[in-house]
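Data from upload.cif: mmCIF, C-alpha atoms
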```cif
data_coords
#
loop_
_atom_site.group_PDB
_atom_site.id
_atom_site.type_symbol
_atom_site.label_atom_id
_atom_site.label_comp_id
_atom_site.auth_asym_id
_atom_site.auth_seq_id
_atom_site.Cartn_x
_atom_site.Cartn_y
_atom_site.Cartn_z
ATOM 1 C CA MET A 1 0.000 0.000 0.000
ATOM 2 C CA ASP A 2 1.353 3.412 -0.983
ATOM 3 C CA ILE A 3 0.422 6.328 1.233
ATOM 4 C CA ASP A 4 1.428 9.776 0.053
ATOM 5 C CA ASN A 5 1.962 12.159 2.905
ATOM 6 C CA TYR A 6 3.362 15.069 0.945
ATOM 7 C CA GLY A 7 2.283 18.553 1.998
ATOM 8 C CA ASP A 8 0.947 19.256 5.487
ATOM 9 C CA ASP A 9 1.730 15.725 6.551
ATOM 10 C CA THR A 10 5.469 15.764 5.945
ATOM 11 C CA PHE A 11 6.016 16.305 9.638
ATOM 12 C CA GLY A 12 4.946 13.779 12.198
ATOM 13 C CA LEU A 13 5.944 10.976 14.498
ATOM 14 C CA MET A 14 7.064 7.494 13.527
ATOM 15 C CA VAL A 15 6.408 4.922 16.225
ATOM 16 C CA PRO A 16 8.465 1.861 15.230
ATOM 17 C CA PHE A 17 6.986 -1.573 15.906
ATOM 18 C CA GLU A 18 5.983 -4.683 13.978
ATOM 19 C CA SER A 19 2.811 -3.451 12.298
ATOM 20 C CA GLY A 20 2.980 -4.784 8.741
ATOM 21 C CA PHE A 21 3.122 -1.204 7.396
ATOM 22 C CA MET A 22 6.420 -0.002 5.946
ATOM 23 C CA TRP A 23 7.057 3.721 5.651
ATOM 24 C CA ASN A 24 9.920 5.512 3.987
ATOM 25 C CA HIS A 25 11.204 9.037 4.311
ATOM 26 C CA GLN A 26 13.918 10.976 2.491
ATOM 27 C CA VAL A 27 16.604 12.228 4.861
ATOM 28 C CA ASN A 28 20.156 13.508 5.083
ATOM 29 C CA SER A 29 19.901 16.669 2.979
ATOM 30 C CA ASN A 30 21.135 16.394 -0.603
ATOM 31 C CA ALA A 31 22.565 12.931 0.038
ATOM 32 C CA CYS A 32 18.964 11.838 -0.589
ATOM 33 C CA ASN A 33 19.064 8.792 1.670
ATOM 34 C CA ILE A 34 15.812 6.908 2.088
ATOM 35 C CA ILE A 35 15.062 5.279 5.419
ATOM 36 C CA GLU A 36 12.454 2.562 5.760
ATOM 37 C CA VAL A 37 10.678 1.888 9.033
ATOM 38 C CA GLU A 38 7.902 -0.485 10.018
ATOM 39 C CA GLY A 39 5.381 0.982 12.418
ATOM 40 C CA LEU A 40 2.793 3.699 12.845
ATOM 41 C CA TYR A 41 3.170 7.135 11.293
ATOM 42 C CA ILE A 42 1.194 9.914 12.974
ATOM 43 C CA PRO A 43 1.018 13.081 10.876
ATOM 44 C CA LEU A 44 0.961 16.011 13.264
ATOM 45 C CA SER A 45 -1.301 17.943 10.901
ATOM 46 C CA ILE A 46 -4.253 15.848 12.062
ATOM 47 C CA LEU A 47 -3.585 16.610 15.711
ATOM 48 C CA VAL A 48 -2.928 20.341 15.825
ATOM 49 C CA PRO A 49 -5.481 23.121 15.302
ATOM 50 C CA LYS A 50 -5.703 24.511 11.779
ATOM 51 C CA ALA A 51 -4.069 27.839 12.715
ATOM 52 C CA SER A 52 -1.087 26.039 14.273
ATOM 53 C CA ARG A 53 -0.880 23.713 11.267
ATOM 54 C CA GLY A 54 -0.315 26.699 8.977
ATOM 55 C CA VAL A 55 2.307 28.101 11.342
ATOM 56 C CA LEU A 56 4.122 24.745 11.471
ATOM 57 C CA CYS A 57 4.069 24.419 7.674
ATOM 58 C CA ASP A 58 5.559 27.902 7.353
ATOM 59 C CA LEU A 59 8.205 27.132 9.973
ATOM 60 C CA PHE A 60 9.201 23.880 8.260
ATOM 61 C CA ASP A 61 9.396 25.728 4.930
ATOM 62 C CA ALA A 62 11.725 28.230 6.606
ATOM 63 C CA LEU A 63 13.746 25.359 8.077
ATOM 64 C CA VAL A 64 14.158 23.793 4.635
ATOM 65 C CA ARG A 65 15.341 27.115 3.146
ATOM 66 C CA CYS A 66 17.748 27.572 6.045
ATOM 67 C CA ASN A 67 19.134 24.044 5.700
ATOM 68 C CA VAL A 68 19.601 24.425 1.931
ATOM 69 C CA LYS A 69 21.809 27.450 2.616
ATOM 70 C CA HIS A 70 23.565 25.700 5.540
ATOM 71 C CA GLU A 71 22.548 28.524 7.874
ATOM 72 C CA ASP A 72 22.027 28.329 11.617
ATOM 73 C CA ASN A 73 18.537 26.973 12.317
ATOM 74 C CA THR A 74 18.479 27.344 16.110
ATOM 75 C CA ASP A 75 15.832 30.099 16.149
ATOM 76 C CA ILE A 76 13.595 28.231 13.712
ATOM 77 C CA TRP A 77 13.738 25.069 15.836
ATOM 78 C CA ARG A 78 12.919 27.157 18.918
ATOM 79 C CA SER A 79 9.771 28.426 17.129
ATOM 80 C CA ILE A 80 8.865 24.936 15.906
ATOM 81 C CA ASP A 81 9.217 23.527 19.409
ATOM 82 C CA ALA A 82 6.967 26.281 20.819
ATOM 83 C CA THR A 83 4.242 25.370 18.280
ATOM 84 C CA LEU A 84 4.314 21.577 18.675
ATOM 85 C CA PRO A 85 1.608 19.900 20.784
ATOM 86 C CA PHE A 86 4.225 18.399 23.103
ATOM 87 C CA ASN A 87 7.583 18.986 24.757
ATOM 88 C CA TYR A 88 10.381 16.536 24.078
ATOM 89 C CA ASP A 89 13.992 15.645 24.720
ATOM 90 C CA ASN A 90 16.385 14.695 21.953
ATOM 91 C CA VAL A 91 17.843 11.219 22.457
ATOM 92 C CA ASP A 92 20.417 9.022 20.795
ATOM 93 C CA PRO A 93 19.013 6.522 18.318
ATOM 94 C CA PRO A 94 18.631 3.007 19.667
ATOM 95 C CA PHE A 95 20.901 0.260 18.331
ATOM 96 C CA HIS A 96 17.941 -2.027 17.765
ATOM 97 C CA ARG A 97 14.247 -1.400 17.779
ATOM 98 C CA LEU A 98 11.397 -3.545 16.495
ATOM 99 C CA GLY A 99 10.325 -2.368 13.083
ATOM 100 C CA VAL A 100 13.615 -0.630 12.285
ATOM 101 C CA SER A 101 15.763 -2.582 9.846
ATOM 102 C CA THR A 102 18.997 -0.755 10.679
ATOM 103 C CA ARG A 103 20.151 1.817 13.199
ATOM 104 C CA ILE A 104 18.704 5.071 11.939
ATOM 105 C CA MET A 105 20.821 7.987 13.034
ATOM 106 C CA ASN A 106 19.632 11.496 13.803
ATOM 107 C CA MET A 107 20.051 13.480 10.589
ATOM 108 C CA GLU A 108 18.252 16.135 8.627
ATOM 109 C CA GLY A 109 14.699 14.921 8.163
ATOM 110 C CA THR A 110 14.493 12.810 11.305
ATOM 111 C CA LYS A 111 15.541 12.811 14.916
ATOM 112 C CA TRP A 112 14.866 10.494 17.798
ATOM 113 C CA ILE A 113 12.957 12.058 20.668
ATOM 114 C CA ILE A 114 11.158 11.180 23.869
ATOM 115 C CA ILE A 115 7.928 13.091 24.409
ATOM 116 C CA THR A 116 8.133 14.374 27.958
ATOM 117 C CA GLU A 117 4.940 16.403 28.315
ATOM 118 C CA LEU A 118 1.733 16.944 26.365
ATOM 119 C CA ARG A 119 0.127 20.317 25.888
ATOM 120 C CA THR A 120 -3.382 19.966 27.245
ATOM 121 C CA ASP A 121 -4.602 22.867 25.103
ATOM 122 C CA TYR A 122 -4.175 20.583 22.088
ATOM 123 C CA TYR A 123 -6.984 18.303 23.169
ATOM 124 C CA ARG A 124 -6.899 15.864 20.217
ATOM 125 C CA THR A 125 -3.168 15.300 20.627
ATOM 126 C CA TYR A 126 -3.451 14.951 24.376
ATOM 127 C CA LYS A 127 -6.252 12.395 24.123
ATOM 128 C CA MET A 128 -4.571 10.324 21.391
ATOM 129 C CA PHE A 129 -1.119 10.240 22.989
ATOM 130 C CA ALA A 130 -2.428 9.587 26.479
ATOM 131 C CA GLN A 131 -4.503 6.645 25.254
ATOM 132 C CA ASN A 132 -1.714 5.132 23.165
ATOM 133 C CA ASP A 133 1.178 5.264 25.633
ATOM 134 C CA ILE A 134 3.363 7.370 23.338
ATOM 135 C CA LEU A 135 4.512 9.505 26.247
ATOM 136 C CA LYS A 136 8.022 8.578 27.455
ATOM 137 C CA GLU A 137 8.659 6.271 24.452
ATOM 138 C CA LYS A 138 11.464 6.709 21.926
ATOM 139 C CA VAL A 139 9.921 7.797 18.640
ATOM 140 C CA MET A 140 11.256 9.422 15.510
ATOM 141 C CA PHE A 141 10.227 12.956 14.695
ATOM 142 C CA TRP A 142 9.998 13.201 10.904
ATOM 143 C CA TYR A 143 10.156 16.580 9.197
ATOM 144 C CA PRO A 144 10.847 17.799 5.646
ATOM 145 C CA ASN A 145 14.306 17.217 4.233
ATOM 146 C CA SER A 146 15.928 20.161 2.430
ATOM 147 C CA ASP A 147 16.366 18.344 -0.877
#
```
Mind turning the file's structure into structure tokens?
Amino acid sequence: MDIDNYGDDTFGLMVPFESGFMWNHQVNSNACNIIEVEGLYIPLSILVPKASRGVLCDLFDALVRCNVKHEDNTDIWRSIDATLPFNYDNVDPPFHRLGVSTRIMNMEGTKWIIITELRTDYYRTYKMFAQNDILKEKVMFWYPNSD
């Protein structure tokens, strides 16, 4: 099954586990590497309010432009983090995880995180994550690659 998540849905969370669904994502800037992961992909566009969705899309567009030029993206990430429906910590990628065929490193387009706190003002996100035990689990944050 092919699922196109181009557009609003190019940023989300990949929860690796044996699900029968394989997802791939282009990463690593102009090296154009493709990673493949088995699991559940949760596009954040379905969980954030429409106004925040537009802001996130604009911020990720700015991030892509910044990364293409190899400019500092610290301020953009700070704005992205303030708009996400959760707080998180960056973590090292695991050596082995169900649903991940190889060790996927943190690189442009993906980073491993642990969601530490949910924003209760984003009710849909709060309800979904709280019910599905995503809090405190290592997941991959997928976002647009600059190439």
Spatial neighbours of Met14 in chain A, 8 Å, only C-alpha atoms, chain gap at least 5 places, as a PDB file with C-alpha atoms, in the coordinates of the input:
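Written output follows (around09.pdb):
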```
ATOM      1  CA  GLY A  39       5.381   0.982  12.418  1.00  0.00           C
ATOM      2  CA  LEU A  40       2.793   3.699  12.845  1.00  0.00           C
ATOM      3  CA  TYR A  41       3.170   7.135  11.293  1.00  0.00           C
ATOM      4  CA  ILE A  42       1.194   9.914  12.974  1.00  0.00           C
ATOM      5  CA  VAL A 139       9.921   7.797  18.640  1.00  0.00           C
ATOM      6  CA  MET A 140      11.256   9.422  15.510  1.00  0.00           C
ATOM      7  CA  PHE A 141      10.227  12.956  14.695  1.00  0.00           C
ATOM      8  CA  TRP A 142       9.998  13.201  10.904  1.00  0.00           C
TER       9      TRP A 142
END
```
Find, counting only C-alpha atoms, the residue in A:Glu38, A:Thr83, A:Ser146, A:Asp75 that gets nearest to Lys50 in chain A.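 Using only C-alpha atoms, Lys50 in chain A sits closest to A:Thr83.
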For Ile35 in chain A, which residue among A:Val91, A:Ala51, A:Met105, A:Leu84 is the nearest when counting only C-alpha atoms?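 Result for the nearest residue to Ile35 in chain A: A:Met105.
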Atom pair CA of Asp61 in chain A / CA of Met107 in chain A: separation (Å):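 Straight-line distance from CA of Asp61 in chain A to CA of Met107 in chain A works out to 17.2 Å.
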Can you tell me, as a PyMOL selection string, what residues are no more than 12 Å from Gly12 in chain A when counting all atoms listed in the file, ignoring any on the same chain fewer than 5 positions away? chain A and resi 5-7+25+40-48+53+56-57+60+84-86+109-113+125+139-144
Expressed in Å to a single decimal, how great is the separation between CA of Arg78 in chain A and CA of Thr120 in chain A? 19.7 Å
Which centre and edge lengths in Å to one decimal define the box along x, y and z that fits every listed atom of range 11-19 of chain A plus 4 Å per side, as JSON?
```
{"center_x": 5.6, "center_y": 5.8, "center_z": 12.9, "size_x": 13.7, "size_y": 29.0, "size_z": 14.6}
```
Please measure the separation of CA of Leu59 in chain A and CA of Lys138 in chain A, giving the value in Å to one decimal.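 Taking CA of Leu59 in chain A as the start and CA of Lys138 in chain A as the end point, the length is 23.9 Å.
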Please provide as a PyMOL selection string all residues within 7 Å of Asp89 in chain A, with the sequence filter that same-chain residues fewer than 5 positions apart are discarded (counting all atoms listed in the file). chain A and resi 113-116
May I have the protein, DNA and RNA residues with any atom at most 6 Å from the point (11.2, 1.0, 6.1), counting only C-alpha atoms, written as a list in words?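 Counting only C-alpha atoms, I find these residues within 6 Å of (11.2, 1.0, 6.1): Met22, Trp23, Asn24, Ile35, Glu36, Val37 and Glu38 of chain A.
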Can you spit out the residues from that selection as an mmCIF file, in the frame of the given file, using C-alpha atoms?
```
data_model
loop_
_atom_site.group_PDB
_atom_site.id
_atom_site.type_symbol
_atom_site.label_atom_id
_atom_site.label_comp_id
_atom_site.auth_asym_id
_atom_site.auth_seq_id
_atom_site.Cartn_x
_atom_site.Cartn_y
_atom_site.Cartn_z
ATOM 1 C CA MET A 22 6.420 -0.002 5.946
ATOM 2 C CA TRP A 23 7.057 3.721 5.651
ATOM 3 C CA ASN A 24 9.920 5.512 3.987
ATOM 4 C CA ILE A 35 15.062 5.279 5.419
ATOM 5 C CA GLU A 36 12.454 2.562 5.760
ATOM 6 C CA VAL A 37 10.678 1.888 9.033
ATOM 7 C CA GLU A 38 7.902 -0.485 10.018
#
```
Just checking: using only C-alpha atoms, which residue out of A:Pro16, A:Val55, A:Arg65, A:Ser79 ends up closest to Pro93 in chain A?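 Nearest candidate to Pro93 in chain A out of A:Pro16, A:Val55, A:Arg65, A:Ser79: A:Pro16.
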Expand the PyMOL selection byres ((chain A and resi 64) around 12) into the individual residues it matches in the shown file, reporting them as number ranges by chain. A: 10, 27-30, 57-63, 65-73, 76-77, 108-109, 143-147
Using all atoms listed in the file, pick whichever of A:Leu118, A:Asn90, A:Asn33, A:Thr74 has the shortest atom-to-atom distance to Ile104 in chain A.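 Among A:Leu118, A:Asn90, A:Asn33, A:Thr74, it is A:Asn33 that comes nearest to Ile104 in chain A.
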A:Ile80, A:Arg119, A:Ile134, A:Asp92: which is nearest Gly54 in chain A, counting only C-alpha atoms?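 With only C-alpha atoms as the atom set, the closest residue is A:Ile80.
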Reconstructed range 68-84 of chain A, atom set N, CA and C atoms, as a tab-separated table (two decimals), keeping the file's coordinate frame:
```
chain	number	residue	atom	x	y	z
A	68	VAL	N	19.03	24.40	3.28
A	68	VAL	CA	19.60	24.42	1.93
A	68	VAL	C	20.81	25.35	1.89
A	69	LYS	N	20.72	26.46	2.60
A	69	LYS	CA	21.81	27.45	2.62
A	69	LYS	C	22.86	27.15	3.68
A	70	HIS	N	22.66	26.08	4.45
A	70	HIS	CA	23.56	25.70	5.54
A	70	HIS	C	23.70	26.82	6.57
A	71	GLU	N	22.57	27.46	6.89
A	71	GLU	CA	22.55	28.52	7.87
A	71	GLU	C	22.13	27.96	9.23
A	72	ASP	N	22.41	28.73	10.27
A	72	ASP	CA	22.03	28.33	11.62
A	72	ASP	C	20.50	28.27	11.72
A	73	ASN	N	19.99	27.15	12.23
A	73	ASN	CA	18.54	26.97	12.32
A	73	ASN	C	18.01	26.95	13.76
A	74	THR	N	18.84	27.40	14.69
A	74	THR	CA	18.48	27.34	16.11
A	74	THR	C	17.18	28.09	16.41
A	75	ASP	N	17.04	29.31	15.88
A	75	ASP	CA	15.83	30.10	16.15
A	75	ASP	C	14.59	29.47	15.53
A	76	ILE	N	14.74	28.88	14.35
A	76	ILE	CA	13.60	28.23	13.71
A	76	ILE	C	13.14	27.03	14.54
A	77	TRP	N	14.10	26.22	15.00
A	77	TRP	CA	13.74	25.07	15.84
A	77	TRP	C	13.07	25.53	17.13
A	78	ARG	N	13.53	26.63	17.69
A	78	ARG	CA	12.92	27.16	18.92
A	78	ARG	C	11.44	27.50	18.66
A	79	SER	N	11.16	28.09	17.49
A	79	SER	CA	9.77	28.43	17.13
A	79	SER	C	8.95	27.18	16.84
A	80	ILE	N	9.55	26.20	16.17
A	80	ILE	CA	8.86	24.94	15.91
A	80	ILE	C	8.49	24.27	17.23
A	81	ASP	N	9.46	24.18	18.12
A	81	ASP	CA	9.22	23.53	19.41
A	81	ASP	C	8.10	24.22	20.19
A	82	ALA	N	8.01	25.54	20.10
A	82	ALA	CA	6.97	26.28	20.82
A	82	ALA	C	5.58	26.03	20.22
A	83	THR	N	5.52	25.57	18.97
A	83	THR	CA	4.24	25.37	18.28
A	83	THR	C	3.78	23.91	18.32
A	84	LEU	N	4.68	23.00	18.63
A	84	LEU	CA	4.31	21.58	18.68
A	84	LEU	C	3.36	21.29	19.83
```
